[in-house]
Amino acid sequence: MQRRDFLTGAAVAALLPVNAAQATPGSALPTLRWRLASSFPKSLDTIYGAAEILSKRVAALTGGKFQIRVFAGGELVPPLQVLDAIGNGTAECGHSAGYYYVGKNMALAFDTAVPFGLTARQQNAWMYAGGGIEALRKLYAQYGVLQFPGGNTGTQMGGWFRKEIKSLADLKGLKMRIPGIGGKIMARLGAVPQTLPGGDIYPALERGALDAAEWVGPYDDEKLGFHKIARHYYYPGWWEGGPQLSFYVNQAAWQSLPEPYRQAFEVATAEANQLMLAQYDAKNPPALLRLVGQGVKLHPYPKDVMLAARRATFALYEEEAKINPDFAAIYRPWKRFRDTEFQWFKVNEAVYANFNYYVK
Ligand code: CA
C-alpha cells in the first residue's frame, strides 16, 4: 500500500474521534465557519492582532476550509463577557484575559498574571512545560471552555501619576485606575482602586476623577495619551510581571472539530502567543524613548511601596487559599514552580542582564 492511499479514506476516518468522523465522511474535510469574540478593540493592534494571526494561519493550514471570523470587543458581546459567551456557545471561540473573570473565581487570575508572579518567559515555562495548561484546563472545564495560551505583553509598566509618589504614605486616598488583584492590593496600601475600560481612562484623568492610571506599557499607553496629563511614569507593574492573554474554545465545538483542524488551531495559538510578545518587545523601546523625549519623568516605585505590596499580596493569597479550593489547587504547585524559577533566573539571567544593562 502506498503512503498516499494509507492516509486517505477509511484509514483517516478510523483515526478520528467518532463524532468528528461522522462529520467527515471519507477524506473530505468539511467547510467550517467559526466566530471568535475578542475582548479587545482593533486599535490595540498587538493584542487584538493575535486573533487575526490565529484566523489567517488556521485558514492557510486547512486550505481555506476552516474559517474563523474575528469580532472586536463589543461587536458580538461586551468585552468583559467573552468567557460566558464561549461557555454558552454564543461564539465557538474567543480571545480574552482570565483575570477579567476573577469575580467568578480568583483562581482564573493564574491564566493571566497575579501580583509578584511570573515573567512572560516563566509563564510560558509554567504553561507549556510546568503543568500550567493542565491545571488551568481542569479549572476552565467548569465553565465549558478549553484554554490555550494566546499572547503576552511582557512586564507591564506601573502606571501614570499626576504627582510624584515618594513613599507609601503618598498612596493614601489616591484614586487609581487599576483592576483585578492589583487593585485589591492597592486598596490594602491605602489607595482607592477604580476599574475603567481603556477608552474611559483619559477623560477621567483629565477631569481629575483619577489621580493615577495603569494600562499596559509604552506602546499602548502612548496611543491613549496619558502622558499629556500625568507626567510621572512608574515601573515596574508589579501586579503584571508577564500577563498572558488566552484563546478559549467551547468544549462541544472542540469535540466536533476534525482532528486536522484541532491541530491547525493549536499550532496557530502557539504562533500567536509568541508573536504578540515579539511585537511588544520590538515596539515598546522606541515608544518609551518618544515618551521620555516629550518630558515624561520615569521613576521606580519606592522600595517601601514594593515591600508593602509584596507582603499584602502573599497575605491575600494565603487567605484565598483557605476559602477557595480551586485557588489552593493551583496556587500551591504554582508557588513552588515560581520560587524555583526565580532561583534559576537570579543565578544566571539576572546577573547577565544587570551587567549588560548597567555597566559603564
Ligand atoms: Ca495593566
# chains A, B, ... in the order shown; residues from 1 in each chain; ligands from 1
$ residues_around --residues "Gly173 of chain A" --least-positions-apart "6" --cutoff "12 Å" --atoms "only C-alpha atoms" --output "PDB file with N, CA, C and O atoms, in the first residue's frame"
ATOM      1  N   MET A 186      -3.608  47.453  46.017  1.00  0.00           N
ATOM      2  CA  MET A 186      -3.522  48.914  46.149  1.00  0.00           C
ATOM      3  C   MET A 186      -4.472  49.405  47.248  1.00  0.00           C
ATOM      4  O   MET A 186      -4.137  50.322  48.005  1.00  0.00           O
ATOM      5  N   ALA A 187      -5.668  48.776  47.331  1.00  0.00           N
ATOM      6  CA  ALA A 187      -6.630  49.169  48.376  1.00  0.00           C
ATOM      7  C   ALA A 187      -6.051  48.893  49.762  1.00  0.00           C
ATOM      8  O   ALA A 187      -6.196  49.690  50.682  1.00  0.00           O
ATOM      9  N   ARG A 188      -5.351  47.755  49.904  1.00  0.00           N
ATOM     10  CA  ARG A 188      -4.745  47.424  51.203  1.00  0.00           C
ATOM     11  C   ARG A 188      -3.618  48.400  51.555  1.00  0.00           C
ATOM     12  O   ARG A 188      -3.249  48.527  52.717  1.00  0.00           O
ATOM     13  N   LEU A 189      -3.050  49.057  50.524  1.00  0.00           N
ATOM     14  CA  LEU A 189      -1.982  50.040  50.765  1.00  0.00           C
ATOM     15  C   LEU A 189      -2.548  51.447  50.960  1.00  0.00           C
ATOM     16  O   LEU A 189      -1.786  52.404  51.095  1.00  0.00           O
ATOM     17  N   GLY A 190      -3.877  51.569  50.912  1.00  0.00           N
ATOM     18  CA  GLY A 190      -4.489  52.867  51.193  1.00  0.00           C
ATOM     19  C   GLY A 190      -5.027  53.614  49.985  1.00  0.00           C
ATOM     20  O   GLY A 190      -5.673  54.653  50.127  1.00  0.00           O
ATOM     21  N   ALA A 191      -4.764  53.116  48.760  1.00  0.00           N
ATOM     22  CA  ALA A 191      -5.272  53.785  47.561  1.00  0.00           C
ATOM     23  C   ALA A 191      -6.740  53.403  47.330  1.00  0.00           C
ATOM     24  O   ALA A 191      -7.272  52.523  48.007  1.00  0.00           O
ATOM     25  N   VAL A 192      -7.374  54.094  46.389  1.00  0.00           N
ATOM     26  CA  VAL A 192      -8.773  53.822  46.065  1.00  0.00           C
ATOM     27  C   VAL A 192      -8.823  53.341  44.613  1.00  0.00           C
ATOM     28  O   VAL A 192      -8.836  54.150  43.685  1.00  0.00           O
ATOM     29  N   PRO A 193      -8.802  52.008  44.420  1.00  0.00           N
ATOM     30  CA  PRO A 193      -8.731  51.496  43.051  1.00  0.00           C
ATOM     31  C   PRO A 193     -10.052  51.657  42.294  1.00  0.00           C
ATOM     32  O   PRO A 193     -11.120  51.600  42.897  1.00  0.00           O
ATOM     33  N   GLN A 194      -9.948  51.898  40.991  1.00  0.00           N
ATOM     34  CA  GLN A 194     -11.120  52.033  40.116  1.00  0.00           C
ATOM     35  C   GLN A 194     -10.933  51.074  38.951  1.00  0.00           C
ATOM     36  O   GLN A 194      -9.803  50.857  38.504  1.00  0.00           O
ATOM     37  N   LEU A 210      -9.517  60.834  38.388  1.00  0.00           N
ATOM     38  CA  LEU A 210      -8.439  59.879  38.692  1.00  0.00           C
ATOM     39  C   LEU A 210      -7.162  60.656  38.982  1.00  0.00           C
ATOM     40  O   LEU A 210      -6.891  61.670  38.337  1.00  0.00           O
ATOM     41  N   ASP A 211      -6.361  60.147  39.940  1.00  0.00           N
ATOM     42  CA  ASP A 211      -5.034  60.724  40.211  1.00  0.00           C
ATOM     43  C   ASP A 211      -3.953  59.928  39.485  1.00  0.00           C
ATOM     44  O   ASP A 211      -2.826  60.400  39.313  1.00  0.00           O
ATOM     45  N   ALA A 212      -4.297  58.685  39.117  1.00  0.00           N
ATOM     46  CA  ALA A 212      -3.307  57.790  38.501  1.00  0.00           C
ATOM     47  C   ALA A 212      -4.036  56.711  37.706  1.00  0.00           C
ATOM     48  O   ALA A 212      -5.220  56.440  37.953  1.00  0.00           O
TER      49      ALA A 212
END
$ residues_near_ligand --ligand "ligand 1" --cutoff "9 Å" --atoms "only C-alpha atoms and all ligand atoms" --output "ChimeraX atom specification"
/A:156-159,178-179,182,214-217,237,239-240,243
$ closest_residue --among "A:Trp160, A:Tyr99, A:Tyr140, A:Phe71" --to "Tyr248 of chain A" --atoms "only C-alpha atoms"
A:Tyr140
$ closest_atom_pairs --of "segment 226-331 of chain A" --to "segment 42-54 of chain A" --cutoff "7 Å" --atoms "only C-alpha atoms" --output "JSON lines"
{"residue": "A:Ala268", "atom": "CA", "partner": "A:Leu54", "partner_atom": "CA", "distance": 5.1}
{"residue": "A:Thr269", "atom": "CA", "partner": "A:Leu54", "partner_atom": "CA", "distance": 6.0}
{"residue": "A:Ala272", "atom": "CA", "partner": "A:Ala50", "partner_atom": "CA", "distance": 5.1}
{"residue": "A:Met276", "atom": "CA", "partner": "A:Thr46", "partner_atom": "CA", "distance": 5.9}
{"residue": "A:Gln279", "atom": "CA", "partner": "A:Thr46", "partner_atom": "CA", "distance": 6.5}
$ write_last_selection --atoms "N, CA and C atoms" --output "compact mmCIF listing (two decimals), in the first residue's frame"
# COMPACT_ATOMS: atom_id res chain seq x y z
N ALA A 268 -1.62 27.31 15.64
CA ALA A 268 -1.80 28.74 15.39
C ALA A 268 -1.87 29.53 16.69
N THR A 269 -2.43 28.94 17.75
CA THR A 269 -2.43 29.65 19.05
C THR A 269 -1.00 29.83 19.55
N ALA A 272 0.59 32.67 17.62
CA ALA A 272 0.06 33.96 18.08
C ALA A 272 0.64 34.33 19.45
N MET A 276 2.93 37.91 19.74
CA MET A 276 2.49 39.10 20.49
C MET A 276 3.64 39.64 21.34
N GLN A 279 6.17 41.40 19.24
CA GLN A 279 5.72 42.73 18.84
C GLN A 279 5.94 43.75 19.97
$ residues_around --residues "Ala282 of chain A" --least-positions-apart "4" --cutoff "12 Å" --atoms "only C-alpha atoms" --output "list of chain:residue names"
A:Thr46, A:Thr153, A:Gly154, A:Pro218, A:Tyr219, A:Leu275, A:Met276, A:Leu277, A:Ala278, A:Pro286, A:Ala287, A:Leu288
$ residues_around --residues "Ala141 of chain A" --least-positions-apart "5" --cutoff "10 Å" --atoms "only C-alpha atoms" --output "list in words"
Gly87, Leu136, Leu146, Gln147, Asn250 and Gln251 of chain A
$ atom_distance --atom1 "atom CA of Ala107 of chain A" --atom2 "atom CA of Leu76 of chain A"
26.3 Å
$ select_by_dssp --residues "segment 135-325 of chain A" --states "helix (DSSP H, G or I)" --output "ChimeraX atom specification"
/A:135-143,168-171,180-188,198-206,218-224,226-228,251-255,259-293,303-323,325
$ atom_distance --atom1 "atom CA of Trp238 of chain A" --atom2 "atom CA of Leu298 of chain A"
15.5 Å
$ atom_distance --atom1 "atom CA of Ser167 of chain A" --atom2 "atom CA of Lys303 of chain A"
8.0 Å
